[in-house]
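Peer 1: Just passing along the structure, written as structure tokens.
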2 protein chains.
Amino acid sequence: MAKEKKLVEAITSMEEDFAQWYTDVVKKAELVEYSGVRGCMIIRPDGYAIWENIQKELDARFKASGVQNVYMPMFIPESLLNKEKEHVEGFAPEVAWVTHGGMEELQERLCVRPTSETLFCDFYHNIVHSYRDLPKVYNQWCSVVRWEKTTRPFLRSMEFLWQEGHTAHATQEEATERTIQMLNIYAQFCEEVLAIPMIRGRKTDKEKFAGAEETYTIEALMHDGKALQSGTSHNFGDGFARAFDIQYTDKENTLQYVHQTSWGMSTRIIGAIIMVHGDNSGLVLPPRIAPVQIAVIPIQQQKEGVLEKAAEVKEKLGAFRVKVDDSDKSPGWKFSEQEMRGIPIRIELGPKDIAANQCVIVRRDTSEKIVVSLEEVDAKAGEILDAMQIDMLERARKHLEAHTYETADPEEFKRIAAEKPGFIKAMWCGDRACEDKLKEEAGVTSRCMPFAQEKLSDTCICCGRPAKAMVYWGKAY
Amino acid sequence: MAKEKKLVEAITSMEEDFAQWYTDVVKKAELVEYSGVRGCMIIRPDGYAIWENIQKELDARFKASGVQNVYMPMFIPESLLNKEKEHVEGFAPEVAWVTHGGMEELQERLCVRPTSETLFCDFYHNIVHSYRDLPKVYNQWCSVVRWEKTTRPFLRSMEFLWQEGHTAHATQEEATERTIQMLNIYAQFCEEVLAIPMIRGRKTDKEKFAGAEETYTIEALMHDGKALQSGTSHNFGDGFARAFDIQYTDKENTLQYVHQTSWGMSTRIIGAIIMVHGDNSGLVLPPRIAPVQIAVIPIQQQKEGVLEKAAEVKEKLGAFRVKVDDSDKSPGWKFSEQEMRGIPIRIELGPKDIAANQCVIVRRDTSEKIVVSLEEVDAKAGEILDAMQIDMLERARKHLEAHTYETADPEEFKRIAAEKPGFIKAMWCGDRACEDKLKEEAGVTSRCMPFAQEKLSDTCICCGRPAKAMVYWGKAY
């Protein structure tokens with residue numbers, strides 16, 4: 001009993017200290033372990049299995065849209081990084097530099113890729129010649145490095161895993177279409193698979209990617225009311241093509257610059273899963289992404305027939321990802337562990353249940369207990385997992401709606417920003433000075449100009465001049 | 001016609017210059033592109049799709065044997081790399097060093113991982129405490145960097161993709177069992193999926209991994225008679241555990257060191273596929289690993305009904321990975337491309353075929369043409385792919401056997417080494433001096449002491465002293 005208490009007590013409650021709760025959960029649920037390398041995390045089996053499922057789902061959606069995977073070098077020569085002015089200014093201050101190879105000093109430093117626009121551009125310069133070579137819709141799954149000062153597992157680490165798509169098109173229309181298409185793939189994936197509702201929109205110039213003409217984003221709201229940028233898609237126009245001289249001959253035999261996009265989603269999204277769905281007992285994983293969907297926990301497993309029946313139940317649940325916990329721990333301890341790890345449902349099965357040809361299914365998100373006949377345990381488990389997936393999205397959507405405020409009054413804006421964690425919808429003149437001022441005075445940044453625009457008033461919430469767009473404002477991770 | 005010739009002429013013939021043939025094929029089949037980073041290659045969609053299939057197949061076999069995937073940092077602090085003496089001596093001369101992060105010089109240099117034994121040991125030191133925590137059977141898919149002087153695509157590059165498994169066990173028996181188990185998984189995978197027969201055996205002390213007690217290897221014979229080390233599995237005993245202090249309390253509550261293994265297979269194996277199966281028309285991919293298994297090539301595709309019928313045939317071939325080449329190139333050009341890319345079979349389909357309700361299937365490996373009724377095109381295609389997979393392994397096995405020599409006569413040994421590319425089986429005393437001498441005088445190295453030992457004579461082929469083992473000798477990539 002002392003041991004069982006220990007596992008649960010080890011988590012700080014969300015209400016007491018959300019940041020500490022997060023750190024406790026990633027550690028206790030064994031998603032990550034800190035490494036001896038500053039700012040770099042070890043992703044443990046239970047964390048990595050979530051990423052593998054994310055990869056599998058996203059990659060299938062990418063491929064269905066015509067994406068092909070490639071692999072580019074992890075090093076970028078300094079001269080190549082320097083080719084696009086805005087891009088290098090954005091990234092050079094946060095890269096790791098390789099200066100020695102083997103026993104020799106390099107003639108030119110190499111940076112470890114923080115992102116690979118420059119490498120893809122150099123590649124496209126070499127392989128794109130004719131309109132027949134277009135479009136190029138390439139993606140890579142890899143790790144990148146950004147020399148961050150303060151780091152947190154999944155949310156901000158020096159090295160992280162991601163995918164980065166890089167495309168080249170004959171026309172601007174096609175590039176724009178691809179930019180939006182990928183943003184929608186991200187948003188649909190997050191909603192359908194991760195049960196996380198997303199605000200889709202465009203970044204302001206201040207917040208856009210270094211070198212992009214336009215950056216689109218999906219923004220999620222965490223349990224504590226802070227926003228998390230969860231995926232971005234950039235439209236480069238022909239800016240990089242001009243810097244890297246990527247030209248093709250069109251059907252009329254004239255030289256044209258290509259139009260490009262890039263888009264990425266990273267292990268950061270695992271942080272969103274934790275902070276949107278988790279509770280004071282630990283992780284809560286949406287069934288579609290959970291590496292283990294069902295934990296079968298035998299009660300009085302030493303009694304004859306219990307473990308055999310548990311194995312039989314597992315067999316019957318062959319359509320799901322199931323684990324039987326037959327370790328020599330107590331059932332209570334096993335329940336705590338299953339809850340901490342966020343396994344969507346557990347099946348309790350003891351001698352009395354077996355005698356009655358039934359078992360008890362417990363939902364991780366609601367703690368609801370459902371007595372089910374063993375005859376129909378597979379059908380019922382499927383129904384419960386489906387219901388849980390739908391309810392989790394619905395609950396997250398309600399939380400998002402309940403924590404989204406709107407105002408046209410500057411004083412109220414500051415009051416909400418100070419007192420009510422969440423998004424604030426308010427009008428904006430389009431001027432960067434107002435963004436800077438709201439950051440300073442209310443502590444919020446522009447998250448995006450949503451596709452779903454509303455006209456809340458005629459004037460900017462900050463300066464009172466004519467408004468150009470409605471913006472989602474918030475405090476962000 | 002001029003264009004069609006160009007594609008084929010672009011490959012040097014194997015007989016003329018095997019090394020140039022290899023370079024031509026990887027380039028013309030669009031597997032890789034050289035990058036602006038010395039010694040680093042870009043893996044293009046057709047090359048990466050092969051790697052994805054390798055990953056999928058191997059990963060499933062790993063998981064079935066209890067392996068769990070993780071992700072470790074790509075950087076190793078210098079002090080951590082230095083902890084195991086033999087290991088650091090083996091790797092330090094060939095690593096890339098990060099000395100600056102952002103604008104600052106680092107207090108301690110970080111190397112980009114050449115392999116991750118040291119990181120896994122540090123991790124296991126932190127998480128292994130009790131016998132209950134064992135075994136740990138972890139693996140990661142990642143890229144590693146080794147500062148090589150001369151590089152060749154897939155075979156030897158500064159950065160390459162691989163998987164590295166790292167395990168920790170309570171007993172030496174268990175570690176030994178895992179070492180052999182993984183070697184066998186590699187060998188079976190290569191034989192069953194890649195159609196490449198392997199010699200399984202143990203490396204001599206000279207050739208073993210830096211820090212290992214024993215290294216096991218699978219060795220394949222390329223078309224030119226050179227050997228390629230295709231996968232290795234290392235038994236570390238408790239050497240690393242002592243250097244990194246990885247101890248656990250056993251059931252009797254006494255402290256014990258763990259016993260460890262590591263094992264890896266890399267993108268190098270793609271080089272083996274090319275050099276075992278390829279011919280003067282390009283790549284020949286074994287059906288089980290081919291990203292596209294069947295190319296449907298319409299003849300006179302502008303004629304009514306041809307493209308529709310091609311689409312119908314593709315539909316009927318739903319169980320396979322099929323591509324219809326409806327580009328505006330000539331059929332001859334498409335045939336050349338399909339051959340260059342090594343697509344196992346092509347289906348030729350023109351108006352006359354359609355009128356006769358048939359098509360022509362052409363095998364890539366034998367050029368055999370088989371007329372098949374459209375009614376049974378799926379069943380026949382399946383049979384032909386299966387036969388091709390079996391025949392390719394058989395052909396490679398015959399080539400291996402025909403190029404494996406044995407001798408007990410020192411002079412004959414040198415003559416074979418000079419004149420007949422392939423493996424030479426010969427007895428060895430176990431002394432490194434003899435290995436060095438055979439390298440110097442005959443240009444061969446010990447590839448392995450095969451599990452299937454034979455006693456060819458009583459004495460060492462080099463020094464005439466009593467022999468301890470039969471060794472496969474050869475020239476290697």
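Ordering of the structure tokens sets the chain letters (A, B, ...); residue numbers start at 1 within each chain; ligands are numbered from 1 in the order shown.
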Give me, as a PyMOL selection string, the residues of stretch 189-241 of chain B that a backbone DSSP run labels strand (DSSP E).
Peer 2: chain B and resi 199-202+214-221+227-237
Peer 1: Those residues you just picked out, can you put them in a file as a tab-separated table (two decimals), in the first residue's frame with C-alpha atoms?
Peer 2:
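And here's out09.tsv as it stands now:
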```
chain	number	residue	atom	x	y	z
B	199	ILE	CA	28.30	-16.63	-44.55
B	200	ARG	CA	27.74	-16.46	-40.78
B	201	GLY	CA	30.71	-16.49	-38.45
B	202	ARG	CA	32.91	-14.87	-35.86
B	214	GLU	CA	33.38	-11.15	-29.63
B	215	THR	CA	32.04	-9.84	-32.91
B	216	TYR	CA	29.86	-11.94	-35.18
B	217	THR	CA	29.31	-11.05	-38.81
B	218	ILE	CA	27.41	-11.93	-41.94
B	219	GLU	CA	29.51	-11.70	-45.09
B	220	ALA	CA	28.20	-11.58	-48.63
B	221	LEU	CA	30.00	-11.98	-51.94
B	227	ALA	CA	33.22	-9.48	-49.85
B	228	LEU	CA	30.88	-7.08	-48.09
B	229	GLN	CA	30.42	-7.17	-44.32
B	230	SER	CA	26.64	-6.81	-44.16
B	231	GLY	CA	25.72	-6.80	-40.49
B	232	THR	CA	27.48	-7.35	-37.18
B	233	SER	CA	26.48	-8.44	-33.68
B	234	HIS	CA	28.76	-7.85	-30.72
B	235	ASN	CA	29.04	-9.57	-27.37
B	236	PHE	CA	30.48	-7.19	-24.78
B	237	GLY	CA	30.50	-9.46	-21.75
```
Peer 1: Just want the 12 Å neighbourhood of B:Gly474, counted on only C-alpha atoms, with same-chain residues fewer than 2 positions away dropped. Output as a PyMOL selection string.
Peer 2: chain B and resi 219-222+224-229+403-406+413-414+416-418+420-426+435+438-439+442-448+471-472+476-477
Peer 1: Which residues of chain A sit at most 9 Å from chain B, using only C-alpha atoms? Give each one's shortest atom pair and distance in Å (one decimal place), in chain and ascending residue order, as JSON lines.
Peer 2:
```
{"residue": "A:Glu33", "atom": "CA", "partner": "B:Phe123", "partner_atom": "CA", "distance": 8.2}
{"residue": "A:Tyr34", "atom": "CA", "partner": "B:Phe123", "partner_atom": "CA", "distance": 8.8}
{"residue": "A:Ser35", "atom": "CA", "partner": "B:Phe123", "partner_atom": "CA", "distance": 7.2}
{"residue": "A:Gly36", "atom": "CA", "partner": "B:Pro77", "partner_atom": "CA", "distance": 7.9}
{"residue": "A:Val37", "atom": "CA", "partner": "B:Pro77", "partner_atom": "CA", "distance": 6.7}
{"residue": "A:Cys40", "atom": "CA", "partner": "B:Pro73", "partner_atom": "CA", "distance": 5.8}
{"residue": "A:Met41", "atom": "CA", "partner": "B:Pro73", "partner_atom": "CA", "distance": 6.5}
{"residue": "A:Ile42", "atom": "CA", "partner": "B:Met72", "partner_atom": "CA", "distance": 4.8}
{"residue": "A:Ile43", "atom": "CA", "partner": "B:Tyr71", "partner_atom": "CA", "distance": 5.0}
{"residue": "A:Arg44", "atom": "CA", "partner": "B:Val70", "partner_atom": "CA", "distance": 5.1}
{"residue": "A:Pro45", "atom": "CA", "partner": "B:Val70", "partner_atom": "CA", "distance": 5.1}
{"residue": "A:Asp46", "atom": "CA", "partner": "B:Val70", "partner_atom": "CA", "distance": 8.4}
{"residue": "A:Gly47", "atom": "CA", "partner": "B:Val70", "partner_atom": "CA", "distance": 7.9}
{"residue": "A:Tyr48", "atom": "CA", "partner": "B:Val70", "partner_atom": "CA", "distance": 5.5}
{"residue": "A:Ala49", "atom": "CA", "partner": "B:Asn69", "partner_atom": "CA", "distance": 7.3}
{"residue": "A:Glu52", "atom": "CA", "partner": "B:Asn69", "partner_atom": "CA", "distance": 9.0}
{"residue": "A:Gln68", "atom": "CA", "partner": "B:Pro45", "partner_atom": "CA", "distance": 5.9}
{"residue": "A:Asn69", "atom": "CA", "partner": "B:Pro45", "partner_atom": "CA", "distance": 5.6}
{"residue": "A:Val70", "atom": "CA", "partner": "B:Arg44", "partner_atom": "CA", "distance": 5.1}
{"residue": "A:Tyr71", "atom": "CA", "partner": "B:Ile43", "partner_atom": "CA", "distance": 5.0}
{"residue": "A:Met72", "atom": "CA", "partner": "B:Ile42", "partner_atom": "CA", "distance": 4.8}
{"residue": "A:Pro73", "atom": "CA", "partner": "B:Cys40", "partner_atom": "CA", "distance": 5.8}
{"residue": "A:Met74", "atom": "CA", "partner": "B:Glu159", "partner_atom": "CA", "distance": 7.8}
{"residue": "A:Phe75", "atom": "CA", "partner": "B:Val37", "partner_atom": "CA", "distance": 7.0}
{"residue": "A:Ile76", "atom": "CA", "partner": "B:Val37", "partner_atom": "CA", "distance": 7.0}
{"residue": "A:Pro77", "atom": "CA", "partner": "B:Val37", "partner_atom": "CA", "distance": 6.7}
{"residue": "A:Leu80", "atom": "CA", "partner": "B:Gly36", "partner_atom": "CA", "distance": 8.6}
{"residue": "A:Ala92", "atom": "CA", "partner": "B:Gly102", "partner_atom": "CA", "distance": 7.0}
{"residue": "A:Pro93", "atom": "CA", "partner": "B:Gly102", "partner_atom": "CA", "distance": 4.8}
{"residue": "A:Glu94", "atom": "CA", "partner": "B:Gly102", "partner_atom": "CA", "distance": 4.3}
{"residue": "A:Val95", "atom": "CA", "partner": "B:Gly102", "partner_atom": "CA", "distance": 5.0}
{"residue": "A:Ala96", "atom": "CA", "partner": "B:Gly101", "partner_atom": "CA", "distance": 4.3}
{"residue": "A:Trp97", "atom": "CA", "partner": "B:His100", "partner_atom": "CA", "distance": 5.1}
{"residue": "A:Val98", "atom": "CA", "partner": "B:Val98", "partner_atom": "CA", "distance": 4.2}
{"residue": "A:Thr99", "atom": "CA", "partner": "B:Val98", "partner_atom": "CA", "distance": 6.2}
{"residue": "A:His100", "atom": "CA", "partner": "B:Trp97", "partner_atom": "CA", "distance": 5.1}
{"residue": "A:Gly101", "atom": "CA", "partner": "B:Ala96", "partner_atom": "CA", "distance": 4.3}
{"residue": "A:Gly102", "atom": "CA", "partner": "B:Glu94", "partner_atom": "CA", "distance": 4.3}
{"residue": "A:Met103", "atom": "CA", "partner": "B:Pro93", "partner_atom": "CA", "distance": 6.1}
{"residue": "A:Leu110", "atom": "CA", "partner": "B:Val37", "partner_atom": "CA", "distance": 8.6}
{"residue": "A:Cys111", "atom": "CA", "partner": "B:Val98", "partner_atom": "CA", "distance": 8.7}
{"residue": "A:Val112", "atom": "CA", "partner": "B:Val98", "partner_atom": "CA", "distance": 8.7}
{"residue": "A:Leu119", "atom": "CA", "partner": "B:Ser35", "partner_atom": "CA", "distance": 8.2}
{"residue": "A:Asp122", "atom": "CA", "partner": "B:Gly36", "partner_atom": "CA", "distance": 7.9}
{"residue": "A:Phe123", "atom": "CA", "partner": "B:Ser35", "partner_atom": "CA", "distance": 7.2}
{"residue": "A:Ile127", "atom": "CA", "partner": "B:Glu33", "partner_atom": "CA", "distance": 8.9}
{"residue": "A:Tyr138", "atom": "CA", "partner": "B:Pro45", "partner_atom": "CA", "distance": 8.0}
{"residue": "A:Cys142", "atom": "CA", "partner": "B:Cys142", "partner_atom": "CA", "distance": 7.9}
{"residue": "A:Ser143", "atom": "CA", "partner": "B:Met74", "partner_atom": "CA", "distance": 8.5}
{"residue": "A:Arg146", "atom": "CA", "partner": "B:Gly102", "partner_atom": "CA", "distance": 8.2}
{"residue": "A:Trp147", "atom": "CA", "partner": "B:Gly102", "partner_atom": "CA", "distance": 5.8}
{"residue": "A:Glu148", "atom": "CA", "partner": "B:Gly102", "partner_atom": "CA", "distance": 8.4}
{"residue": "A:Glu159", "atom": "CA", "partner": "B:Pro73", "partner_atom": "CA", "distance": 7.1}
{"residue": "A:Phe160", "atom": "CA", "partner": "B:Pro73", "partner_atom": "CA", "distance": 8.8}
```
Peer 1: What does the distance from atom CA of B:Val372 to atom CA of B:Cys359 come to in Å, to one decimal?
Peer 2: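 Calculated distance between atom CA of B:Val372 and atom CA of B:Cys359 is 5.5 Å.
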Peer 1: What's the separation between atom CA of A:Glu108 and atom CA of A:Lys83, in Å to one decimal place?
Peer 2: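 These atoms are spaced 14.8 Å apart.
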Peer 1: Distance atom CA of A:Glu339-atom CA of A:Leu283, one decimal place?
Peer 2: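 Here the two named atoms are 6.9 Å from each other.
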Peer 1: Do you know which residues are at most 8 Å from A:Tyr257 counting only C-alpha atoms, after dropping those on the same chain fewer than 3 positions away, and could you put them as a ChimeraX atom specification?
Peer 2: /A:170,238,241-242,245-248
Peer 1: Any chance you can output those residues with N, CA and C atoms as a PDB file, in the first residue's frame?
Peer 2:
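Written output follows (result09.pdb):
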```pdb
ATOM      1  N   ALA A 170       5.746  24.549 -60.298  1.00  0.00           N
ATOM      2  CA  ALA A 170       5.867  25.412 -61.477  1.00  0.00           C
ATOM      3  C   ALA A 170       5.196  26.767 -61.247  1.00  0.00           C
ATOM      4  N   ASP A 238       8.912  32.725 -54.670  1.00  0.00           N
ATOM      5  CA  ASP A 238      10.131  32.345 -55.385  1.00  0.00           C
ATOM      6  C   ASP A 238      11.382  32.916 -54.716  1.00  0.00           C
ATOM      7  N   ALA A 241      14.092  30.354 -54.451  1.00  0.00           N
ATOM      8  CA  ALA A 241      14.472  29.983 -55.819  1.00  0.00           C
ATOM      9  C   ALA A 241      15.400  31.033 -56.415  1.00  0.00           C
ATOM     10  N   ARG A 242      15.154  32.300 -56.108  1.00  0.00           N
ATOM     11  CA  ARG A 242      16.033  33.358 -56.617  1.00  0.00           C
ATOM     12  C   ARG A 242      17.395  33.315 -55.923  1.00  0.00           C
ATOM     13  N   ASP A 245      18.955  30.059 -57.238  1.00  0.00           N
ATOM     14  CA  ASP A 245      18.902  29.886 -58.695  1.00  0.00           C
ATOM     15  C   ASP A 245      18.265  28.552 -59.101  1.00  0.00           C
ATOM     16  N   ILE A 246      17.025  28.360 -58.706  1.00  0.00           N
ATOM     17  CA  ILE A 246      16.307  27.144 -59.104  1.00  0.00           C
ATOM     18  C   ILE A 246      15.338  27.511 -60.217  1.00  0.00           C
ATOM     19  N   GLN A 247      15.742  27.222 -61.442  1.00  0.00           N
ATOM     20  CA  GLN A 247      14.938  27.609 -62.597  1.00  0.00           C
ATOM     21  C   GLN A 247      14.643  26.405 -63.464  1.00  0.00           C
ATOM     22  N   TYR A 248      13.521  26.494 -64.160  1.00  0.00           N
ATOM     23  CA  TYR A 248      13.157  25.425 -65.096  1.00  0.00           C
ATOM     24  C   TYR A 248      12.691  26.077 -66.402  1.00  0.00           C
TER      25      TYR A 248
END
```
Peer 1: If you count only C-alpha atoms, which residues fall within 7 Å of A:Met427, apart from same-chain ones fewer than 3 positions away, as a compact mmCIF listing (two decimals) with N, CA, C and O atoms, in the first residue's frame?
Peer 2:
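Below is the file that was written, part.txt:
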```
# COMPACT_ATOMS: atom_id res chain seq x y z
N LEU A 456 -15.14 41.88 -35.09
CA LEU A 456 -15.59 42.17 -33.73
C LEU A 456 -15.76 43.66 -33.52
O LEU A 456 -16.49 44.11 -32.64
N SER A 457 -15.03 44.48 -34.29
CA SER A 457 -15.16 45.94 -34.23
C SER A 457 -14.42 46.50 -35.44
O SER A 457 -13.81 45.74 -36.20
N THR A 459 -11.95 48.77 -35.18
CA THR A 459 -10.66 49.35 -34.83
C THR A 459 -9.75 48.37 -34.10
O THR A 459 -10.19 47.42 -33.46
N CYS A 460 -8.46 48.66 -34.19
CA CYS A 460 -7.42 47.83 -33.55
C CYS A 460 -7.56 47.91 -32.03
O CYS A 460 -7.75 48.99 -31.47
N ILE A 461 -7.43 46.76 -31.39
CA ILE A 461 -7.58 46.68 -29.94
C ILE A 461 -6.48 47.48 -29.23
O ILE A 461 -6.65 47.92 -28.10
N ALA A 467 -9.01 48.48 -38.21
CA ALA A 467 -8.53 47.11 -38.05
C ALA A 467 -8.43 46.42 -39.40
O ALA A 467 -9.22 46.70 -40.31
N ALA A 469 -7.53 42.78 -39.40
CA ALA A 469 -7.79 41.35 -39.22
C ALA A 469 -8.13 41.04 -37.77
O ALA A 469 -7.74 41.78 -36.86
N MET A 470 -8.86 39.94 -37.60
CA MET A 470 -9.07 39.45 -36.25
C MET A 470 -7.93 38.46 -35.93
O MET A 470 -7.57 37.63 -36.76
N VAL A 471 -7.39 38.61 -34.75
CA VAL A 471 -6.25 37.78 -34.34
C VAL A 471 -6.60 36.99 -33.09
O VAL A 471 -7.34 37.46 -32.23
```
